[in-house]
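A.B. asks: This is input28.cif, which holds mmCIF, C-alpha atoms:
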data_upload
#
loop_
_atom_site.label_atom_id
_atom_site.label_comp_id
_atom_site.auth_asym_id
_atom_site.auth_seq_id
_atom_site.Cartn_x
_atom_site.Cartn_y
_atom_site.Cartn_z
CA MET A 52 -27.95 152.41 183.96
CA ASN A 53 -30.79 149.98 184.60
CA LEU A 54 -31.28 147.59 181.71
CA PHE A 55 -34.98 147.20 182.38
CA ALA A 56 -37.77 149.71 181.88
CA ALA A 57 -39.22 151.53 184.85
CA PRO A 58 -42.94 150.72 185.37
CA ARG A 59 -45.46 153.23 184.10
CA PHE A 60 -48.50 154.06 186.17
CA ILE A 61 -51.41 153.88 183.74
CA ASP A 62 -55.01 153.99 184.92
CA ARG A 63 -57.03 154.92 181.82
CA VAL A 64 -57.98 152.45 179.09
CA GLU A 65 -58.34 155.44 176.78
CA ASP A 66 -54.58 155.93 176.94
CA CYS A 67 -53.95 152.37 175.76
CA PHE A 68 -53.99 150.15 172.72
CA PHE A 69 -54.68 146.46 173.30
CA TYR A 70 -53.29 143.87 170.89
CA HIS A 71 -54.46 140.96 173.09
CA ALA A 72 -57.90 140.67 174.64
CA MET A 73 -57.48 141.02 178.39
CA GLU A 74 -59.67 140.49 181.43
CA LEU A 75 -58.59 143.14 183.92
CA PRO A 76 -59.84 143.81 187.46
CA GLY A 77 -62.10 146.83 187.44
CA PHE A 78 -62.46 146.85 183.67
CA GLY A 79 -63.63 143.36 182.75
CA LEU A 80 -63.04 142.09 179.23
CA ILE A 81 -61.18 144.50 176.97
CA PRO A 82 -61.55 143.46 173.31
CA ALA A 83 -58.52 143.56 171.04
CA HIS A 84 -57.15 142.17 167.79
CA TRP A 85 -56.41 138.69 169.12
CA ASP A 86 -58.27 136.71 171.75
CA LEU A 87 -55.95 134.00 173.08
CA ARG A 88 -57.82 133.46 176.34
CA GLY A 89 -57.91 129.77 177.20
CA ARG A 90 -55.54 128.96 174.32
CA PHE A 91 -52.12 129.65 175.84
CA ASP A 92 -51.10 126.00 176.03
CA ASP A 93 -52.13 125.35 172.42
CA TYR A 94 -50.47 128.54 171.27
CA ILE A 95 -47.05 127.63 172.74
CA GLY A 96 -47.12 124.03 171.57
CA GLY A 97 -48.01 122.45 174.90
CA ILE A 98 -44.63 122.98 176.54
CA ASP A 99 -44.37 123.30 180.32
CA VAL A 100 -43.04 126.66 181.53
CA ARG A 101 -43.22 125.87 185.25
CA GLY A 102 -39.91 126.66 186.92
CA LYS A 103 -38.49 127.98 183.64
CA SER A 104 -37.15 131.40 182.71
CA VAL A 105 -39.09 132.82 179.75
CA LEU A 106 -38.34 135.55 177.22
CA ASP A 107 -41.50 136.85 175.55
CA VAL A 108 -40.42 138.40 172.24
CA GLY A 109 -42.76 141.06 170.89
CA THR A 110 -44.85 141.13 174.03
CA ALA A 111 -47.36 143.81 172.89
CA THR A 112 -50.09 143.78 175.58
CA GLY A 113 -48.22 141.09 177.50
CA PHE A 114 -50.77 138.28 177.43
CA LEU A 115 -48.15 135.56 176.89
CA SER A 116 -45.91 136.96 179.63
CA PHE A 117 -48.72 137.10 182.16
CA GLU A 118 -49.95 133.61 181.30
CA ALA A 119 -46.42 132.22 181.66
CA GLU A 120 -46.31 133.76 185.14
CA LYS A 121 -49.64 132.19 186.04
CA ARG A 122 -48.24 128.81 185.05
CA GLY A 123 -45.25 129.11 187.36
CA ALA A 124 -42.44 130.46 185.20
CA SER A 125 -39.53 131.32 187.47
CA ARG A 126 -38.65 134.52 185.62
CA VAL A 127 -40.34 136.36 182.76
CA VAL A 128 -38.85 139.13 180.65
CA SER A 129 -41.18 140.91 178.24
CA PHE A 130 -39.39 142.33 175.21
CA ASP A 131 -40.62 144.91 172.74
CA GLN A 132 -39.12 147.49 170.42
CA SER A 133 -37.69 150.60 172.00
CA ASP A 134 -38.51 152.88 169.09
CA GLY A 135 -41.56 152.07 166.99
CA ALA A 136 -40.19 154.17 164.15
CA GLU A 137 -37.41 151.62 163.64
CA GLN A 138 -39.95 149.08 162.41
CA LYS A 139 -39.76 148.40 158.67
CA PHE A 140 -42.96 148.48 156.62
CA LEU A 141 -43.48 147.65 152.97
CA PRO A 142 -42.58 150.68 150.83
CA PHE A 143 -45.89 151.74 149.27
CA LYS A 144 -45.09 155.09 147.68
CA ASP A 145 -48.38 156.81 148.60
CA LYS A 146 -48.44 155.82 152.25
CA PRO A 147 -47.09 158.11 154.98
CA TYR A 148 -44.26 155.67 155.75
CA SER A 149 -42.72 156.42 152.34
CA ARG A 150 -44.23 159.80 151.44
CA ASP A 151 -43.37 161.67 154.67
CA HIS A 152 -41.35 159.34 156.86
CA ALA A 153 -40.55 161.91 159.54
CA LYS A 154 -44.23 162.70 160.10
CA TRP A 155 -45.10 159.01 160.03
CA ALA A 156 -42.38 158.26 162.59
CA GLN A 157 -43.70 160.85 165.02
CA GLU A 158 -47.26 159.54 164.78
CA TYR A 159 -46.28 155.88 164.90
CA ARG A 160 -44.10 156.40 167.96
CA GLY A 161 -47.18 157.77 169.70
CA GLU A 162 -49.16 154.69 168.67
CA ILE A 163 -46.52 152.33 170.02
CA GLU A 164 -46.48 154.22 173.31
CA ARG A 165 -50.19 153.44 173.63
CA TRP A 166 -49.34 149.74 173.10
CA LYS A 167 -46.84 150.02 175.93
CA ASN A 168 -49.44 151.73 178.10
CA GLY A 169 -51.76 148.77 177.55
CA TYR A 170 -49.01 146.47 178.76
CA TRP A 171 -48.30 148.51 181.87
CA LEU A 172 -51.96 148.85 182.82
CA SER A 173 -52.32 145.07 182.56
CA HIS A 174 -49.02 144.50 184.39
CA ARG A 175 -50.16 146.54 187.38
CA LEU A 176 -53.72 145.23 187.60
CA LEU A 177 -52.63 141.60 187.27
CA GLY A 178 -49.89 142.00 189.87
CA SER A 179 -47.21 140.94 187.40
CA LYS A 180 -43.56 140.68 188.39
CA ALA A 181 -42.35 140.43 184.79
CA GLU A 182 -39.39 142.60 183.85
CA VAL A 183 -39.55 144.67 180.67
CA PHE A 184 -36.78 145.36 178.20
CA TYR A 185 -37.18 147.71 175.25
CA GLY A 186 -34.57 147.32 172.55
CA ASN A 187 -33.70 145.97 169.12
CA VAL A 188 -34.78 142.42 168.27
CA TYR A 189 -31.74 142.04 166.00
CA ASP A 190 -29.33 142.85 168.83
CA LEU A 191 -30.61 141.50 172.14
CA PRO A 192 -27.90 142.17 174.76
CA PRO A 193 -26.22 139.30 176.64
CA ALA A 194 -26.78 141.28 179.85
CA LEU A 195 -30.43 140.16 179.74
CA GLY A 196 -29.18 136.75 180.80
CA GLU A 197 -29.97 133.31 179.44
CA PHE A 198 -33.49 131.93 179.19
CA ASP A 199 -34.77 128.40 179.23
CA ILE A 200 -37.55 129.26 176.78
CA ALA A 201 -38.11 132.02 174.25
CA ILE A 202 -41.63 132.57 172.91
CA VAL A 203 -41.83 134.34 169.55
CA GLY A 204 -45.56 134.81 169.01
CA SER A 205 -46.69 136.16 165.62
CA VAL A 206 -43.61 138.36 165.23
CA LEU A 207 -41.44 136.95 162.46
CA GLU A 208 -43.89 137.60 159.61
CA HIS A 209 -43.75 141.32 160.43
CA LEU A 210 -39.96 141.56 160.17
CA SER A 211 -38.00 142.28 157.00
CA ASP A 212 -35.21 139.99 158.27
CA PRO A 213 -36.68 137.28 160.52
CA ILE A 214 -33.62 135.04 160.25
CA SER A 215 -31.33 137.61 161.86
CA ALA A 216 -33.93 138.11 164.58
CA LEU A 217 -33.97 134.36 165.31
CA ALA A 218 -30.17 134.37 165.55
CA SER A 219 -30.34 137.16 168.12
CA ILE A 220 -32.98 135.29 170.14
CA ALA A 221 -31.15 131.97 169.93
CA ARG A 222 -28.00 133.44 171.50
CA LEU A 223 -29.94 133.95 174.74
CA THR A 224 -31.94 130.69 174.74
CA LYS A 225 -30.72 127.53 176.47
CA GLU A 226 -33.49 125.01 175.86
CA ARG A 227 -36.39 125.80 173.54
CA ILE A 228 -37.62 128.44 171.12
CA VAL A 229 -41.35 128.50 170.41
CA VAL A 230 -42.37 130.22 167.18
CA VAL A 231 -45.96 130.99 166.19
CA THR A 232 -46.33 132.15 162.60
CA PRO A 233 -48.04 131.42 159.29
CA LEU A 234 -46.15 128.54 157.66
CA LEU A 235 -45.73 127.04 154.20
CA ASP A 236 -46.32 123.33 154.73
CA THR A 237 -43.41 121.93 152.77
CA GLU A 238 -39.93 120.67 153.53
CA GLU A 239 -38.64 122.50 150.47
CA PRO A 240 -36.59 125.46 151.77
CA ILE A 241 -38.59 128.28 150.18
CA ALA A 242 -40.12 131.61 151.19
CA ARG A 243 -43.13 133.47 149.83
CA PHE A 244 -43.21 137.24 149.70
CA GLU A 245 -46.56 138.28 151.18
CA GLY A 246 -46.78 141.89 149.98
CA ARG A 247 -49.06 142.76 147.06
CA ALA A 248 -48.81 146.03 145.15
CA ASN A 249 -52.61 146.37 145.02
CA HIS A 250 -53.06 145.87 148.77
CA PRO A 251 -51.39 148.86 150.46
CA GLU A 252 -53.44 148.26 153.61
CA ALA A 253 -51.40 145.11 154.22
CA ASP A 254 -48.03 146.82 154.58
CA PHE A 255 -46.95 145.03 157.76
CA THR A 256 -46.45 141.40 156.65
CA TRP A 257 -43.30 140.55 154.74
CA TRP A 258 -42.61 136.82 154.47
CA ARG A 259 -44.05 133.37 154.94
CA TYR A 260 -41.34 130.74 155.23
CA SER A 261 -41.59 127.00 154.79
CA LEU A 262 -41.00 124.45 157.50
CA GLY A 263 -37.95 123.44 155.45
CA VAL A 264 -36.46 126.93 155.82
CA TYR A 265 -36.96 126.89 159.57
CA ARG A 266 -35.34 123.45 159.86
CA GLU A 267 -32.26 124.74 158.07
CA VAL A 268 -32.10 128.02 160.01
CA PHE A 269 -32.55 126.34 163.37
CA GLY A 270 -29.94 123.76 162.40
CA MET A 271 -27.51 126.62 161.79
CA LEU A 272 -28.36 127.99 165.24
CA GLY A 273 -27.89 124.62 166.99
CA PHE A 274 -31.56 123.64 167.38
CA ASP A 275 -33.81 120.84 166.10
CA ILE A 276 -37.54 121.27 165.48
CA GLU A 277 -39.14 118.69 167.76
CA ARG A 278 -42.84 119.34 167.10
CA VAL A 279 -45.20 121.27 164.87
CA SER A 280 -48.87 121.96 165.57
CA ARG A 281 -51.61 124.10 164.08
CA GLY A 282 -54.50 125.95 165.58
CA LYS A 283 -57.14 128.52 164.77
CA TYR A 284 -57.24 131.62 166.92
CA ARG A 285 -59.92 134.29 167.23
CA TYR A 286 -59.29 137.59 165.48
CA MET A 287 -61.86 139.69 167.31
CA TYR A 288 -62.01 142.77 165.10
CA GLY A 289 -62.57 140.63 162.02
CA ASP A 290 -64.87 138.20 163.89
CA ARG A 291 -63.06 135.26 162.38
CA ASP A 292 -60.62 132.50 163.22
CA GLU A 293 -57.18 132.50 161.62
CA GLU A 294 -54.81 129.56 161.43
CA ARG A 295 -51.32 129.76 162.81
CA SER A 296 -48.63 127.14 163.11
CA THR A 297 -46.59 126.62 166.26
CA PHE A 298 -43.25 124.89 166.19
CA VAL A 299 -40.96 124.13 169.06
CA ALA A 300 -37.21 124.01 168.46
CA VAL A 301 -35.00 122.35 171.08
CA ARG A 302 -31.30 123.05 171.47
CA GLU A 303 -29.08 120.18 170.40
CA ALA A 304 -27.04 118.45 173.07
CA SER A 305 -23.47 119.70 173.10
#
Can the structure from this file be put into structure tokens for me?
C.D. replies:
Amino acid sequence: MNLFAAPRFIDRVEDCFFYHAMELPGFGLIPAHWDLRGRFDDYIGGIDVRGKSVLDVGTATGFLSFEAEKRGASRVVSFDQSDGAEQKFLPFKDKPYSRDHAKWAQEYRGEIERWKNGYWLSHRLLGSKAEVFYGNVYDLPPALGEFDIAIVGSVLEHLSDPISALASIARLTKERIVVVTPLLDTEEPIARFEGRANHPEADFTWWRYSLGVYREVFGMLGFDIERVSRGKYRYMYGDRDEERSTFVAVREAS
């Protein structure tokens, strides 16, 4: 059984959902939630991916994978969830996720397939050679191989257990893990729960951890945080800039 997903032939934007703004031959600029065009280097903390193998965790539309290829990465694997219905959302009692989970799962799976269609349309039109693996972020298989760099872009805040996800990613990463996420700017090892009972529309963001938490977690995993940077990135649908922190963790010498 092939570990990697077979390419999909997608030729209609209407069959897609775009998380990242993309400029595609024949279609031009396709707006999306996030516009990272021209900001790749800032977003990944200025590290050099040339000649490196890269694992893009939570690839969505694939912008980070395709930019890594453009900058000379030797191998790129784009990872995303195999079954959208496995994603955990905050348990608001009146939302479909809690009220009728089976119906929600069927509809949400369809939505995630449109995300994947957006990736495959971009993959084909950009001439990408990236491989794609759909699976479980908490249990990434060793058969994927080892990667010099893992990029975890705006993923951890949407997971109920980001620490277990980082452990899974770290097992496959030889050199550096790049994490982009909202961050509490303190060395105290604390976390803030982001859900609010009176904001059921925000059911997809669980935690914001401190830099101190990440130092401890990466220390457990055999990494040191070597740099932290901050940037503001364009959220197109809200017509605003939002701040995110990027930190780069490097594996300790054995």
A.B. asks: Can you tell me how far CA of Val105 in chain A sits from CA of Ser296 in chain A, in Å to one decimal?
C.D. replies: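 Here the two named atoms are 20.0 Å from each other.
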A.B. asks: What does the PyMOL selection byres ((chain A and resi 121-138) around 8) select in this file, as a ChimeraX atom specification?
C.D. replies: /A:100-111,113,116-120,139-140,156-157,159-160,163,180-188,210
A.B. asks: Decode the PyMOL selection byres ((chain A and resi 256) around 7) for the given file into explicit residues and return them as number ranges by chain.
C.D. replies: A: 208-209, 245-246, 253-255, 257-258
A.B. asks: Report, in Å with one decimal, the straight-line distance from CA of Cys67 in chain A to CA of Trp171 in chain A.
C.D. replies: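 Straight-line distance from CA of Cys67 in chain A to CA of Trp171 in chain A works out to 9.2 Å.
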A.B. asks: May I ask for the distance between CA of Phe55 in chain A and CA of Val301 in chain A, given in Å to one decimal place?
C.D. replies: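 If I compute the distance from CA of Phe55 in chain A to CA of Val301 in chain A, I get 27.3 Å.
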A.B. asks: Quick one: of A:Glu164, A:Ala221, A:Ala83, A:Ser205, who's nearest to Tyr189 in chain A, counting all atoms listed in the file?
C.D. replies: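 Of all the options, A:Ala221 lies closest to Tyr189 in chain A.
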A.B. asks: On this structure, which residues satisfy the PyMOL selection byres ((chain A and resi 66) around 7), written as a list in words?
C.D. replies: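 For this structure, the PyMOL selection byres ((chain A and resi 66) around 7) resolves to Arg63, Val64, Glu65, Cys67, Arg165 and Asn168 of chain A.
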A.B. asks: Pick out the residues sitting within 10 Å of Thr224 in chain A, and hand them over as an NGL selection string; count all atoms listed in the file, and ignore anything fewer than 2 positions along from it in its own chain.
C.D. replies: :A and (104-106 or 196-201 or 219-222 or 226-228 or 301-302)
A.B. asks: Write the residues you've just listed into a file as a PDB file, in the coordinates of the input, and include C-alpha atoms for each of them.
C.D. replies:
ATOM      1  CA  SER A 104     -37.150 131.400 182.710  1.00  0.00           C
ATOM      2  CA  VAL A 105     -39.090 132.820 179.750  1.00  0.00           C
ATOM      3  CA  LEU A 106     -38.340 135.550 177.220  1.00  0.00           C
ATOM      4  CA  GLY A 196     -29.180 136.750 180.800  1.00  0.00           C
ATOM      5  CA  GLU A 197     -29.970 133.310 179.440  1.00  0.00           C
ATOM      6  CA  PHE A 198     -33.490 131.930 179.190  1.00  0.00           C
ATOM      7  CA  ASP A 199     -34.770 128.400 179.230  1.00  0.00           C
ATOM      8  CA  ILE A 200     -37.550 129.260 176.780  1.00  0.00           C
ATOM      9  CA  ALA A 201     -38.110 132.020 174.250  1.00  0.00           C
ATOM     10  CA  SER A 219     -30.340 137.160 168.120  1.00  0.00           C
ATOM     11  CA  ILE A 220     -32.980 135.290 170.140  1.00  0.00           C
ATOM     12  CA  ALA A 221     -31.150 131.970 169.930  1.00  0.00           C
ATOM     13  CA  ARG A 222     -28.000 133.440 171.500  1.00  0.00           C
ATOM     14  CA  GLU A 226     -33.490 125.010 175.860  1.00  0.00           C
ATOM     15  CA  ARG A 227     -36.390 125.800 173.540  1.00  0.00           C
ATOM     16  CA  ILE A 228     -37.620 128.440 171.120  1.00  0.00           C
ATOM     17  CA  VAL A 301     -35.000 122.350 171.080  1.00  0.00           C
ATOM     18  CA  ARG A 302     -31.300 123.050 171.470  1.00  0.00           C
TER      19      ARG A 302
END
A.B. asks: Go through A:Lys154, A:Arg291, A:Arg175, A:Arg278 one by one, measure the shortest atom-to-atom distance of each to Gly96 in chain A using all atoms listed in the file, and give the residue with the smallest value.
C.D. replies: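 Distance minimum relative to Gly96 in chain A lands on A:Arg278.
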A.B. asks: At a cut-off of 8 Å around the point (-47.7, 150.8, 142.4) (file coordinates), what residues fall inside when counting all atoms listed in the file? I'd like the answer as a list in words.
C.D. replies: Phe143, Lys144, Ala248 and Asn249 of chain A
A.B. asks: Pick out the residues sitting within 12 Å of Gly89 in chain A, and hand them over as a PyMOL selection string; count all atoms listed in the file, and ignore anything fewer than 3 positions along from it in its own chain.
C.D. replies: chain A and resi 72-74+86+92-95+114-115+118+284-285
A.B. asks: Which is closest to Leu87 in chain A among A:Asp275, A:Glu293, A:Asp212, A:Glu303, if we use all atoms listed in the file?
C.D. replies: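 Result for the nearest residue to Leu87 in chain A: A:Glu293.
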A.B. asks: For Gly204 in chain A, which of A:Trp155, A:Val264, A:Gly97, A:Phe91 is the closest residue, counting all atoms listed in the file?
C.D. replies: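 Closest to Gly204 in chain A of all the choices is A:Phe91.
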A.B. asks: Give one line per residue of range 248-282 of chain A that approaches range 241-244 of chain A to at most 6 Å, naming the two atoms of the closest pair and their distance in Å to one decimal, counting all atoms listed in the file; sort by chain then ascending residue number and deliver it as a Markdown table.
C.D. replies:
| residue | atom | partner | partner_atom | distance |
| --- | --- | --- | --- | --- |
| A:Trp258 | CA | A:Phe244 | CA | 4.8 |
| A:Arg259 | CA | A:Arg243 | CA | 5.2 |
| A:Tyr260 | CA | A:Ala242 | CA | 4.3 |
| A:Ser261 | CA | A:Ile241 | CA | 5.6 |
A.B. asks: Using all atoms listed in the file for the distances, tell me which of A:Leu223, A:Ile61, A:Ala304, A:Leu54 is nearest to His174 in chain A.
C.D. replies: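 The answer is A:Ile61, which sits nearest to His174 in chain A.
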